[in-house]
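The file coords.pdb contains PDB, C-alpha atoms:
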```pdb
ATOM      1  CA  MET R 273       0.000   0.000   0.000
ATOM      2  CA  GLY R 274       3.041   2.255   0.279
ATOM      3  CA  TYR R 275       5.049   3.831  -2.551
ATOM      4  CA  GLY R 276       7.462   1.554  -4.407
ATOM      5  CA  THR R 277      11.087   2.477  -3.754
ATOM      6  CA  ALA R 278      12.000   2.063  -7.434
ATOM      7  CA  ARG R 279       9.850   5.066  -8.338
ATOM      8  CA  PHE R 280      11.924   7.522  -6.308
ATOM      9  CA  VAL R 281      14.932   9.389  -7.687
ATOM     10  CA  GLY R 282      17.934   8.226  -5.696
ATOM     11  CA  PRO R 283      18.128   5.921  -2.669
ATOM     12  CA  VAL R 284      15.479   6.094   0.071
ATOM     13  CA  ASP R 285      16.368   6.248   3.771
ATOM     14  CA  PRO R 286      15.558   2.862   5.407
ATOM     15  CA  ASN R 287      13.832   4.726   8.227
ATOM     16  CA  LEU R 288      11.140   5.741   5.732
ATOM     17  CA  ILE R 289      10.248   2.140   4.871
ATOM     18  CA  CYS R 290       7.012   0.643   6.196
ATOM     19  CA  GLY R 291       7.552  -2.515   8.285
ATOM     20  CA  ILE R 292       4.418  -4.134   6.832
ATOM     21  CA  CYS R 293       4.559  -3.537   3.062
ATOM     22  CA  SER R 294       8.327  -2.785   2.775
ATOM     23  CA  SER R 295       7.555   0.302   0.694
ATOM     24  CA  VAL R 296       7.964   4.020   1.348
ATOM     25  CA  LEU R 297       5.499   5.233   3.974
ATOM     26  CA  GLU R 298       2.126   6.397   2.669
ATOM     27  CA  ASP R 299       0.276   8.682   5.112
ATOM     28  CA  ALA R 300       2.733   7.780   7.867
ATOM     29  CA  VAL R 301       1.320   7.154  11.357
ATOM     30  CA  LEU R 302       3.054   6.494  14.691
ATOM     31  CA  THR R 303       1.912   3.820  17.163
ATOM     32  CA  THR R 304       2.030   4.229  20.943
ATOM     33  CA  CYS R 305       5.037   1.880  21.024
ATOM     34  CA  GLY R 306       7.017   4.225  18.750
ATOM     35  CA  HIS R 307       6.906   2.455  15.359
ATOM     36  CA  SER R 308       5.807   4.049  12.085
ATOM     37  CA  PHE R 309       3.726   2.412   9.355
ATOM     38  CA  CYS R 310       1.560   3.329   6.395
ATOM     39  CA  SER R 311      -1.883   4.301   7.648
ATOM     40  CA  PRO R 312      -3.669   1.907   5.217
ATOM     41  CA  CYS R 313      -1.254  -0.920   6.080
ATOM     42  CA  LEU R 314      -1.783  -0.543   9.816
ATOM     43  CA  GLU R 315      -5.583  -0.424   9.413
ATOM     44  CA  THR R 316      -5.490  -3.606   7.326
ATOM     45  CA  TRP R 317      -3.190  -5.313   9.827
ATOM     46  CA  LEU R 318      -5.380  -4.472  12.834
ATOM     47  CA  SER R 319      -8.602  -5.363  11.020
ATOM     48  CA  ARG R 320      -7.626  -9.036  10.934
ATOM     49  CA  PRO R 321      -9.319 -11.311  13.470
ATOM     50  CA  SER R 322      -7.594 -11.543  16.866
ATOM     51  CA  THR R 323      -4.862  -9.087  15.849
ATOM     52  CA  ASP R 324      -4.267  -6.047  18.056
ATOM     53  CA  THR R 325      -0.475  -6.020  18.335
ATOM     54  CA  CYS R 326       2.291  -4.013  16.707
ATOM     55  CA  PRO R 327       3.873  -5.812  13.687
ATOM     56  CA  GLU R 328       7.341  -4.856  14.971
ATOM     57  CA  CYS R 329       7.356  -5.436  18.762
ATOM     58  CA  ARG R 330       4.009  -7.212  19.364
ATOM     59  CA  SER R 331       2.889  -4.579  21.858
ATOM     60  CA  VAL R 332      -0.832  -4.009  22.163
ATOM     61  CA  VAL R 333      -1.944  -1.296  19.714
ATOM     62  CA  ASN R 334      -5.231   0.550  19.667
ATOM     63  CA  PRO R 335      -5.991   1.709  16.108
ATOM     64  CA  ASN R 336      -7.523   4.926  17.429
ATOM     65  CA  GLU R 337      -4.280   5.845  19.203
ATOM     66  CA  ALA R 338      -2.121   5.890  16.035
ATOM     67  CA  LYS R 339      -1.085   9.504  15.313
ATOM     68  CA  PRO R 340      -0.205  10.986  11.902
ATOM     69  CA  ILE R 341       3.439  12.016  11.468
ATOM     70  CA  HIS R 342       3.068  15.261   9.509
ATOM     71  CA  SER R 343       6.802  15.928   9.307
ATOM     72  CA  LEU R 344       7.434  12.578   7.577
ATOM     73  CA  ARG R 345       4.449  13.052   5.299
ATOM     74  CA  ASN R 346       5.731  16.467   4.210
ATOM     75  CA  LEU R 347       9.250  15.079   3.739
ATOM     76  CA  ILE R 348       8.083  12.171   1.574
ATOM     77  CA  ASN R 349       5.692  14.383  -0.437
ATOM     78  CA  GLY R 350       8.694  16.541  -1.346
ATOM     79  CA  PHE R 351      10.613  13.624  -2.909
ATOM     80  CA  GLN R 352      10.786  13.394  -6.682
ATOM     81  CA  VAL R 353       9.232  10.328  -8.299
ATOM     82  CA  GLU R 354       8.762   9.001 -11.794
ATOM     83  CA  CYS R 355       5.427   9.345 -13.527
ATOM     84  CA  ASP R 356       3.073   6.339 -13.454
ATOM     85  CA  ASN R 357       3.302   6.325 -17.249
ATOM     86  CA  THR R 358       7.083   5.937 -17.422
ATOM     87  CA  GLU R 359       6.808   2.644 -19.294
ATOM     88  CA  ARG R 360       4.563   4.367 -21.877
ATOM     89  CA  GLY R 361       7.264   6.979 -22.576
ATOM     90  CA  CYS R 362       6.791   9.781 -20.010
ATOM     91  CA  LYS R 363      10.161  11.048 -18.730
ATOM     92  CA  VAL R 364       8.818  13.641 -16.282
ATOM     93  CA  LEU R 365      10.119  13.725 -12.708
ATOM     94  CA  VAL R 366       7.676  15.362 -10.304
ATOM     95  CA  LYS R 367       7.301  15.815  -6.575
ATOM     96  CA  LEU R 368       5.100  13.151  -5.008
ATOM     97  CA  GLU R 369       2.559  15.723  -3.829
ATOM     98  CA  ARG R 370       2.100  16.947  -7.416
ATOM     99  CA  LEU R 371       1.951  13.510  -9.024
ATOM    100  CA  GLN R 372      -1.854  13.348  -9.190
ATOM    101  CA  SER R 373      -2.177  16.788 -10.822
ATOM    102  CA  HIS R 374       0.471  15.775 -13.378
ATOM    103  CA  LEU R 375      -1.389  12.559 -14.212
ATOM    104  CA  GLU R 376      -4.505  14.602 -15.036
ATOM    105  CA  VAL R 377      -2.652  16.314 -17.899
ATOM    106  CA  CYS R 378       0.073  13.749 -18.678
ATOM    107  CA  PRO R 379       0.235  13.307 -22.487
ATOM    108  CA  TYR R 380       1.204   9.636 -22.010
ATOM    109  CA  PHE R 381      -1.841   8.795 -19.866
ATOM    110  CA  PRO R 382      -3.609   5.720 -21.387
ATOM    111  CA  VAL R 383      -7.029   6.461 -22.900
ATOM    112  CA  ILE R 384      -9.443   4.164 -24.710
ATOM    113  CA  CYS R 385     -10.695   4.936 -28.208
ATOM    114  CA  ALA R 386     -14.501   5.015 -28.196
ATOM    115  CA  GLY R 387     -14.581   3.523 -31.675
ATOM    116  CA  CYS R 388     -12.303   0.484 -31.692
ATOM    117  CA  GLY R 389     -11.520   0.146 -27.974
ATOM    118  CA  ASP R 390      -7.736   0.337 -28.435
ATOM    119  CA  THR R 391      -5.666   1.930 -25.652
ATOM    120  CA  VAL R 392      -3.410   4.760 -26.801
ATOM    121  CA  ASN R 393      -1.514   7.638 -25.205
ATOM    122  CA  ARG R 394      -3.566  10.768 -24.582
ATOM    123  CA  PHE R 395      -1.584  12.892 -27.059
ATOM    124  CA  GLU R 396      -2.034  10.205 -29.752
ATOM    125  CA  LEU R 397      -5.826   9.984 -29.409
ATOM    126  CA  ALA R 398      -6.645  12.703 -31.938
ATOM    127  CA  GLY R 399      -4.402  11.212 -34.604
ATOM    128  CA  HIS R 400      -5.713   7.724 -33.862
ATOM    129  CA  GLN R 401      -9.354   8.790 -34.172
ATOM    130  CA  ILE R 402      -8.647  10.407 -37.534
ATOM    131  CA  GLN R 403      -7.508   7.036 -38.906
ATOM    132  CA  CYS R 404      -9.834   4.830 -36.810
ATOM    133  CA  ARG R 405     -11.821   2.616 -39.177
ATOM    134  CA  ALA R 406     -14.421   1.815 -36.516
ATOM    135  CA  ILE R 407     -15.343   5.498 -36.083
ATOM    136  CA  ALA R 408     -15.481   6.031 -39.849
ATOM    137  CA  ALA R 409     -17.694   2.968 -40.263
ATOM    138  CA  SER R 410     -19.960   4.121 -37.426
ATOM    139  CA  VAL R 411     -20.468   7.546 -39.008
ATOM    140  CA  GLU R 412     -21.175   5.959 -42.387
ATOM    141  CA  ASP R 413     -23.696   3.511 -40.881
ATOM    142  CA  GLU R 414     -25.424   6.354 -39.047
ATOM    143  CA  HIS R 415     -25.866   8.328 -42.265
ATOM    144  CA  GLN R 416     -27.182   5.260 -44.026
ATOM    145  CA  GLN R 417     -29.625   4.549 -41.177
ATOM    146  CA  GLN R 418     -30.913   8.134 -41.298
ATOM    147  CA  ASP R 419     -31.598   7.837 -45.010
ATOM    148  CA  GLU R 420     -33.432   4.540 -44.511
ATOM    149  CA  ASP R 421     -35.514   5.990 -41.654
ATOM    150  CA  GLU R 422     -36.460   8.961 -43.792
ATOM    151  CA  ASP R 423     -37.559   6.753 -46.693
ATOM    152  CA  LEU R 424     -39.560   4.525 -44.330
ATOM    153  CA  PHE R 425     -41.272   7.524 -42.766
ATOM    154  CA  TRP R 426     -42.441   8.911 -46.085
ATOM    155  CA  LEU R 427     -43.621   5.485 -47.176
ATOM    156  CA  ARG R 428     -45.761   5.155 -44.062
ATOM    157  CA  ARG R 429     -46.987   8.719 -44.366
ATOM    158  CA  ARG R 430     -48.115   8.169 -47.951
ATOM    159  CA  ARG R 431     -49.994   5.045 -46.907
ATOM    160  CA  THR R 432     -51.651   6.872 -43.996
ATOM    161  CA  PHE R 433     -52.876   9.810 -46.032
ATOM    162  CA  ARG R 434     -53.665   7.980 -49.243
ATOM    163  CA  GLY R 435     -57.177   8.938 -50.238
ATOM    164  CA  SER R 436     -57.539  11.276 -47.272
ATOM    165  CA  ASP R 437     -58.824  14.798 -47.533
ATOM    166  CA  SER R 438     -56.931  15.938 -44.436
ATOM    167  CA  MET R 439     -54.055  17.630 -46.295
ATOM    168  CA  ALA R 440     -53.445  20.046 -43.412
ATOM    169  CA  ASP R 441     -52.643  17.153 -41.084
ATOM    170  CA  ALA R 442     -50.349  15.670 -43.695
ATOM    171  CA  ASP R 443     -48.502  18.956 -44.137
ATOM    172  CA  MET R 444     -48.138  19.330 -40.387
ATOM    173  CA  ALA R 445     -46.745  15.807 -40.069
ATOM    174  CA  GLU R 446     -44.310  16.501 -42.875
ATOM    175  CA  LEU R 447     -43.040  19.651 -41.140
ATOM    176  CA  VAL R 448     -42.590  17.829 -37.826
ATOM    177  CA  TYR R 449     -40.666  15.082 -39.558
ATOM    178  CA  ARG R 450     -38.432  17.523 -41.375
ATOM    179  CA  ILE R 451     -37.674  19.290 -38.092
ATOM    180  CA  ASN R 452     -36.708  15.958 -36.551
ATOM    181  CA  CYS R 453     -34.528  15.163 -39.532
ATOM    182  CA  LEU R 454     -32.802  18.526 -39.278
ATOM    183  CA  GLU R 455     -32.113  17.951 -35.589
ATOM    184  CA  MET R 456     -30.585  14.571 -36.402
ATOM    185  CA  HIS R 457     -28.407  16.167 -39.080
ATOM    186  CA  VAL R 458     -27.307  18.897 -36.656
ATOM    187  CA  ASN R 459     -26.246  16.282 -34.106
ATOM    188  CA  THR R 460     -24.354  14.426 -36.817
ATOM    189  CA  PHE R 461     -22.635  17.614 -37.935
ATOM    190  CA  ARG R 462     -21.634  18.314 -34.336
ATOM    191  CA  ARG R 463     -19.963  14.917 -34.030
ATOM    192  CA  GLU R 464     -18.219  15.390 -37.345
ATOM    193  CA  LEU R 465     -17.127  18.848 -36.227
ATOM    194  CA  HIS R 466     -15.592  17.312 -33.103
ATOM    195  CA  VAL R 467     -13.657  14.799 -35.188
ATOM    196  CA  THR R 468     -12.572  17.563 -37.585
ATOM    197  CA  ASP R 469     -11.448  19.726 -34.673
ATOM    198  CA  ALA R 470      -9.348  16.872 -33.322
ATOM    199  CA  ARG R 471      -7.859  16.389 -36.798
ATOM    200  CA  ASN R 472      -7.068  20.112 -37.048
ATOM    201  CA  GLN R 473      -5.356  20.087 -33.657
ATOM    202  CA  PHE R 474      -3.223  17.150 -34.738
ATOM    203  CA  LEU R 475      -2.299  18.851 -38.008
ATOM    204  CA  ASP R 476      -1.558  22.119 -36.197
ATOM    205  CA  ARG R 477       0.883  20.357 -33.876
ATOM    206  CA  GLU R 478       2.583  18.750 -36.857
ATOM    207  CA  TYR R 479       2.720  22.138 -38.597
ATOM    208  CA  GLN R 480       4.267  23.866 -35.567
ATOM    209  CA  LYS R 481       6.856  21.107 -35.254
ATOM    210  CA  ALA R 482       7.741  21.331 -38.962
ATOM    211  CA  LYS R 483       7.906  25.126 -38.714
ATOM    212  CA  LYS R 484      10.301  24.918 -35.776
ATOM    213  CA  ASP R 485      12.510  22.383 -37.582
ATOM    214  CA  LEU R 486      12.566  24.583 -40.684
ATOM    215  CA  ALA R 487      13.564  27.656 -38.651
ATOM    216  CA  GLU R 488      16.429  25.720 -37.052
ATOM    217  CA  LYS R 489      17.623  24.506 -40.453
ATOM    218  CA  GLN R 490      17.460  28.037 -41.854
ATOM    219  CA  GLN R 491      19.484  29.314 -38.896
ATOM    220  CA  GLU R 492      22.126  26.658 -39.493
ATOM    221  CA  VAL R 493      22.295  27.521 -43.189
ATOM    222  CA  GLN R 494      22.680  31.230 -42.418
ATOM    223  CA  GLU R 495      25.395  30.549 -39.873
ATOM    224  CA  LEU R 496      27.217  28.315 -42.323
ATOM    225  CA  GLN R 497      26.875  30.922 -45.081
ATOM    226  CA  PHE R 498      28.157  33.920 -43.114
ATOM    227  CA  SER R 499      30.564  32.344 -40.657
ATOM    228  CA  GLU R 500      33.435  32.273 -43.152
ATOM    229  CA  PHE R 501      34.474  28.994 -41.558
ATOM    230  CA  ASP R 502      36.413  26.841 -43.962
ATOM    231  CA  PRO R 503      36.851  23.230 -42.800
ATOM    232  CA  LYS R 504      39.807  22.821 -45.181
ATOM    233  CA  TYR R 505      41.583  26.018 -44.143
ATOM    234  CA  ASP R 506      44.736  25.439 -42.081
ATOM    235  CA  TYR R 507      44.101  27.847 -39.199
ATOM    236  CA  GLY R 508      47.141  28.791 -37.109
ATOM    237  CA  HIS R 509      49.913  28.159 -39.638
ATOM    238  CA  THR R 510      49.950  31.609 -41.219
ATOM    239  CA  PRO R 511      49.860  35.064 -39.603
ATOM    240  CA  GLN R 512      46.883  35.964 -41.810
ATOM    241  CA  SER R 513      44.809  33.248 -40.164
ATOM    242  CA  ILE R 514      45.036  34.947 -36.736
ATOM    243  CA  ALA R 515      42.634  37.772 -37.575
ATOM    244  CA  ARG R 516      40.395  35.403 -39.518
ATOM    245  CA  LEU R 517      40.199  33.058 -36.547
ATOM    246  CA  SER R 518      39.519  35.930 -34.149
ATOM    247  CA  LEU R 519      36.669  37.178 -36.349
ATOM    248  CA  LEU R 520      35.122  33.695 -36.460
ATOM    249  CA  VAL R 521      35.073  33.390 -32.661
ATOM    250  CA  ALA R 522      33.814  36.952 -32.156
ATOM    251  CA  ARG R 523      30.928  36.519 -34.595
ATOM    252  CA  PHE R 524      29.464  33.585 -32.631
ATOM    253  CA  LEU R 525      30.859  34.517 -29.226
ATOM    254  CA  LEU R 526      28.172  32.948 -27.012
ATOM    255  CA  LYS R 527      26.771  30.318 -29.373
ATOM    256  CA  LYS R 528      29.309  28.173 -31.174
ATOM    257  CA  PRO R 529      27.953  26.754 -34.456
ATOM    258  CA  SER R 530      27.421  23.002 -34.238
ATOM    259  CA  TYR R 531      29.574  22.357 -37.299
ATOM    260  CA  VAL R 532      32.693  23.989 -35.760
ATOM    261  CA  ASP R 533      35.049  21.685 -33.842
ATOM    262  CA  SER R 534      36.136  23.559 -30.689
ATOM    263  CA  ASN R 535      39.136  21.250 -30.180
ATOM    264  CA  ARG R 536      40.446  22.083 -33.626
ATOM    265  CA  ILE R 537      39.981  25.806 -32.983
ATOM    266  CA  PHE R 538      41.811  25.514 -29.652
ATOM    267  CA  LEU R 539      44.796  23.805 -31.302
ATOM    268  CA  ALA R 540      44.863  26.548 -33.957
ATOM    269  CA  ILE R 541      44.867  29.225 -31.224
ATOM    270  CA  LYS R 542      47.734  27.412 -29.514
ATOM    271  CA  LYS R 543      49.744  27.434 -32.770
ATOM    272  CA  CYS R 544      49.137  31.147 -33.202
ATOM    273  CA  TYR R 545      50.277  31.822 -29.634
ATOM    274  CA  GLU R 546      53.422  29.683 -29.824
ATOM    275  CA  GLN R 547      54.583  31.057 -33.193
ATOM    276  CA  TYR R 548      53.692  34.735 -33.088
ATOM    277  CA  PHE R 549      53.261  36.127 -29.575
ATOM    278  CA  ARG R 550      57.034  36.937 -29.369
ATOM    279  CA  SER R 551      57.640  37.412 -33.057
ATOM    280  CA  GLY R 552      58.487  41.119 -32.734
ATOM    281  CA  THR R 553      55.943  41.953 -35.421
ATOM    282  CA  GLU R 554      52.512  43.539 -35.547
ATOM    283  CA  PHE R 555      51.020  40.055 -35.295
ATOM    284  CA  GLU R 556      51.714  40.091 -31.539
ATOM    285  CA  HIS R 557      48.707  42.389 -31.121
ATOM    286  CA  ASP R 558      46.590  40.070 -33.290
ATOM    287  CA  VAL R 559      47.486  37.131 -31.049
ATOM    288  CA  HIS R 560      46.525  39.127 -27.957
ATOM    289  CA  MET R 561      43.175  40.022 -29.530
ATOM    290  CA  LEU R 562      42.547  36.381 -30.503
ATOM    291  CA  LEU R 563      43.247  35.119 -26.976
ATOM    292  CA  ALA R 564      41.077  37.780 -25.345
ATOM    293  CA  THR R 565      38.180  37.038 -27.686
ATOM    294  CA  SER R 566      38.507  33.283 -27.157
ATOM    295  CA  TYR R 567      38.582  33.649 -23.376
ATOM    296  CA  ALA R 568      35.400  35.751 -23.499
ATOM    297  CA  SER R 569      33.575  33.080 -25.531
ATOM    298  CA  ASN R 570      31.907  29.900 -24.278
ATOM    299  CA  TRP R 571      33.454  27.661 -26.931
ATOM    300  CA  PHE R 572      35.978  25.882 -24.722
ATOM    301  CA  ASN R 573      36.002  23.558 -21.728
ATOM    302  CA  PRO R 574      37.459  24.639 -18.324
ATOM    303  CA  SER R 575      40.861  23.125 -19.014
ATOM    304  CA  GLN R 576      41.176  24.929 -22.349
ATOM    305  CA  ARG R 577      40.006  28.217 -20.798
ATOM    306  CA  LEU R 578      42.659  27.844 -18.102
ATOM    307  CA  SER R 579      45.339  27.474 -20.774
ATOM    308  CA  ILE R 580      44.086  30.565 -22.630
ATOM    309  CA  ASN R 581      44.117  32.535 -19.374
ATOM    310  CA  CYS R 582      47.732  31.482 -18.709
ATOM    311  CA  TRP R 583      48.726  32.602 -22.199
ATOM    312  CA  LEU R 584      47.115  35.985 -21.602
ATOM    313  CA  HIS R 585      49.142  36.392 -18.384
ATOM    314  CA  CYS R 586      52.340  35.438 -20.255
ATOM    315  CA  ILE R 587      51.654  38.111 -22.869
ATOM    316  CA  ALA R 588      51.020  40.677 -20.138
ATOM    317  CA  ARG R 589      54.326  39.821 -18.398
ATOM    318  CA  TYR R 590      56.177  39.844 -21.706
ATOM    319  CA  ARG R 591      54.836  43.302 -22.539
ATOM    320  CA  GLU R 592      55.743  44.595 -19.078
ATOM    321  CA  GLU R 593      59.296  43.246 -19.417
ATOM    322  CA  THR R 594      59.611  44.753 -22.884
ATOM    323  CA  ARG R 595      58.391  48.106 -21.583
ATOM    324  CA  CYS R 596      60.935  48.050 -18.718
ATOM    325  CA  VAL R 597      63.807  47.154 -21.035
ATOM    326  CA  GLY R 598      62.824  49.961 -23.386
ATOM    327  CA  SER R 599      62.752  52.439 -20.507
ATOM    328  CA  LEU R 600      66.249  51.399 -19.368
ATOM    329  CA  HIS R 601      67.594  51.841 -22.881
ATOM    330  CA  ARG R 602      66.155  55.342 -23.051
ATOM    331  CA  VAL R 603      67.609  56.262 -19.666
ATOM    332  CA  GLY R 604      71.046  54.899 -20.588
ATOM    333  CA  SER R 605      71.133  56.821 -23.813
TER     334      SER R 605
END
```
Write-out of the structure in C-alpha cells:
Amino acid sequence: MGYGTARFVGPVDPNLICGICSSVLEDAVLTTCGHSFCSPCLETWLSRPSTDTCPECRSVVNPNEAKPIHSLRNLINGFQVECDNTERGCKVLVKLERLQSHLEVCPYFPVICAGCGDTVNRFELAGHQIQCRAIAASVEDEHQQQDEDEDLFWLRRRRTFRGSDSMADADMAELVYRINCLEMHVNTFRRELHVTDARNQFLDREYQKAKKDLAEKQQEVQELQFSEFDPKYDYGHTPQSIARLSLLVARFLLKKPSYVDSNRIFLAIKKCYEQYFRSGTEFEHDVHMLLATSYASNWFNPSQRLSINCWLHCIARYREETRCVGSLHRVGS
C-alpha cells in the first residue's frame, strides 16, 4: 500500500520504509510503542481477526491511538518520483505531492478509443481517431440509417394519407418530420465537427513542429553561409589566419555553431600563440586580440580556458618586461 522504492529518484532512507509492506510510507502514522507504518497498512493489519499487536514489537496497539506524522508526510511528499506512465514513454520527474495533478494532464496517460476500444496515449488519441476505421464505419452507418428511416417515414406517411382529404394534417406531419430530420443532421454535424477539430489540432501540432525544424535549419544555413568557416583552411599556420580566426570566434561569441570543432579551434589558437606572440611583429597584437576574444567566448572547456588565461598572463608579463627594457635603454642613452 506504500510507494514503491524504485519510483523515487535516488536511494530512500531505510527509516522511511514501512515494516508491513516494505515500501515508502504512505500517510505515515506512529503507534504508541514508537513504530511508524503506512496508515492503510496498519488499518489492514489491525482489522484481521484476533490481531491487536504491533507488527514490529508485538505490543498491544489501539488503532484509534495511532497519530499521523506530519513531518514525515511532508518530507516524503517533497521527494521526486517518476510518472506512473514511465513505461509508456513519459520522462517527467515530479514531486510526489504533485503527481496526481500531473497525471490529469500527462500526455502519455492511457485512454481508450470510443470507436475500436484500443488503448493509446492521450496525445495520440486525436491522430488515432482520424484514422480509426471503426469510427469512420460508425459515421457511415449512421448516415445510411438516417436515409433509410427517412424513406420509411415517407412510405408510411403516404400510406396513412392515401385517399384522405386531411391535407393540413399531412402537411403538419411533414413539417414535424423535417424538423426531426434537421435535428438529427445537426447532431451528426456536431460529431463530425468534433472529429474535424481533433484532426485540425493534430495537423496544427505537426505544422508547428515542422515550422520549428525549418527555422532551425534556416538558422544553421545562415550561420554556415556567413561564418566564413572553412573546414579545409589550415588555421594557425599563417599570420593571416590569426585575424580570420579571431573574427570567427567573435561573430558567434556565445553560441558556437554546431559544425565547428572547438578542439580544432583551440589547437589553432595554440599554434598562433606559440609562433607569433614573441615574433616582434605587428602580429603580436593580433594574437593578444585572438586570446582575449577566445577567453570571453563559451566555446571551450574549463581546461582549455585555463590554458588561454595562462597565455594571456604570459603576454602581459612579456609586454611589461619589454616596456621596462625599453625604458632602461632610453635612460642609458
Result set of the PyMOL selection byres ((chain R and resi 326) around 12) on the coordinates above, as a PyMOL selection string: chain R and resi 291-292+302-309+313-315+317-318+323-325+327-335+338
Apply the PyMOL selection byres ((chain R and resi 577-581) around 12) to the structure shown and report the selected residues as a compact mmCIF listing (two decimals) with C-alpha atoms, in the frame of the given file.
```txt
# COMPACT_ATOMS: atom_id res chain seq x y z
CA SER R 534 36.14 23.56 -30.69
CA ASN R 535 39.14 21.25 -30.18
CA PHE R 538 41.81 25.51 -29.65
CA LEU R 539 44.80 23.80 -31.30
CA ILE R 541 44.87 29.22 -31.22
CA LYS R 542 47.73 27.41 -29.51
CA CYS R 544 49.14 31.15 -33.20
CA TYR R 545 50.28 31.82 -29.63
CA GLU R 546 53.42 29.68 -29.82
CA VAL R 559 47.49 37.13 -31.05
CA HIS R 560 46.52 39.13 -27.96
CA MET R 561 43.18 40.02 -29.53
CA LEU R 562 42.55 36.38 -30.50
CA LEU R 563 43.25 35.12 -26.98
CA ALA R 564 41.08 37.78 -25.34
CA THR R 565 38.18 37.04 -27.69
CA SER R 566 38.51 33.28 -27.16
CA TYR R 567 38.58 33.65 -23.38
CA ALA R 568 35.40 35.75 -23.50
CA SER R 569 33.58 33.08 -25.53
CA ASN R 570 31.91 29.90 -24.28
CA TRP R 571 33.45 27.66 -26.93
CA PHE R 572 35.98 25.88 -24.72
CA ASN R 573 36.00 23.56 -21.73
CA PRO R 574 37.46 24.64 -18.32
CA SER R 575 40.86 23.12 -19.01
CA GLN R 576 41.18 24.93 -22.35
CA CYS R 582 47.73 31.48 -18.71
CA TRP R 583 48.73 32.60 -22.20
CA LEU R 584 47.12 35.98 -21.60
CA HIS R 585 49.14 36.39 -18.38
CA CYS R 586 52.34 35.44 -20.26
CA ILE R 587 51.65 38.11 -22.87
CA ALA R 588 51.02 40.68 -20.14
```
Residue nearest Leu344 (chain R) among R:Asn287, R:Ser513, R:Asn393, R:Gln372 (counting all atoms listed in the file):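 Of R:Asn287, R:Ser513, R:Asn393, R:Gln372, the one nearest Leu344 (chain R) is R:Asn287, counting all atoms listed in the file.
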Non-local contacts of Phe381 (chain R) (6 Å; all atoms listed in the file; under 2 positions in same chain excluded) as an NGL selection string: :R and (378-379 or 393-394)
Hey, can you spit out that residue selection with C-alpha atoms as a PDB file, in the frame of the given file?
```pdb
ATOM      1  CA  CYS R 378       0.073  13.749 -18.678  1.00  0.00           C
ATOM      2  CA  PRO R 379       0.235  13.307 -22.487  1.00  0.00           C
ATOM      3  CA  ASN R 393      -1.514   7.638 -25.205  1.00  0.00           C
ATOM      4  CA  ARG R 394      -3.566  10.768 -24.582  1.00  0.00           C
TER       5      ARG R 394
END
```
Matched chain/residue IDs from the PyMOL selection byres ((chain R and resi 273) around 7), as an MDAnalysis selection string: chainID R and resid 274:275 293 312:313
Coordinates-based distance that separates CA of Val301 (chain R) from CA of Ile341 (chain R) (Å, one decimal):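 Rounded to one decimal, the two atoms are 5.3 Å apart.
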Between CA of Val364 (chain R) and CA of Leu297 (chain R) - distance in Å to one decimal: 22.2 Å
For Gln547 (chain R), the nearest of the candidates R:Val392, R:Ile514, R:Ile289, R:Val532, counting only C-alpha atoms: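 Counting only C-alpha atoms, the residue closest to Gln547 (chain R) is R:Ile514.
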CA of Leu517 (chain R) to CA of Glu593 (chain R), straight-line distance in Å: 27.6 Å
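Taking only C-alpha atoms into account, Ser343 (chain R) lies nearest to R:Asp299 out of the set R:Arg462, R:His400, R:Asp299, R:Gly552.
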Close residues, Glu369 (chain R) itself excluded, 12 Å, only C-alpha atoms, min 3 positions apart in chain, as number ranges by chain: R: 298-299, 345-353, 355, 365-366, 372-375
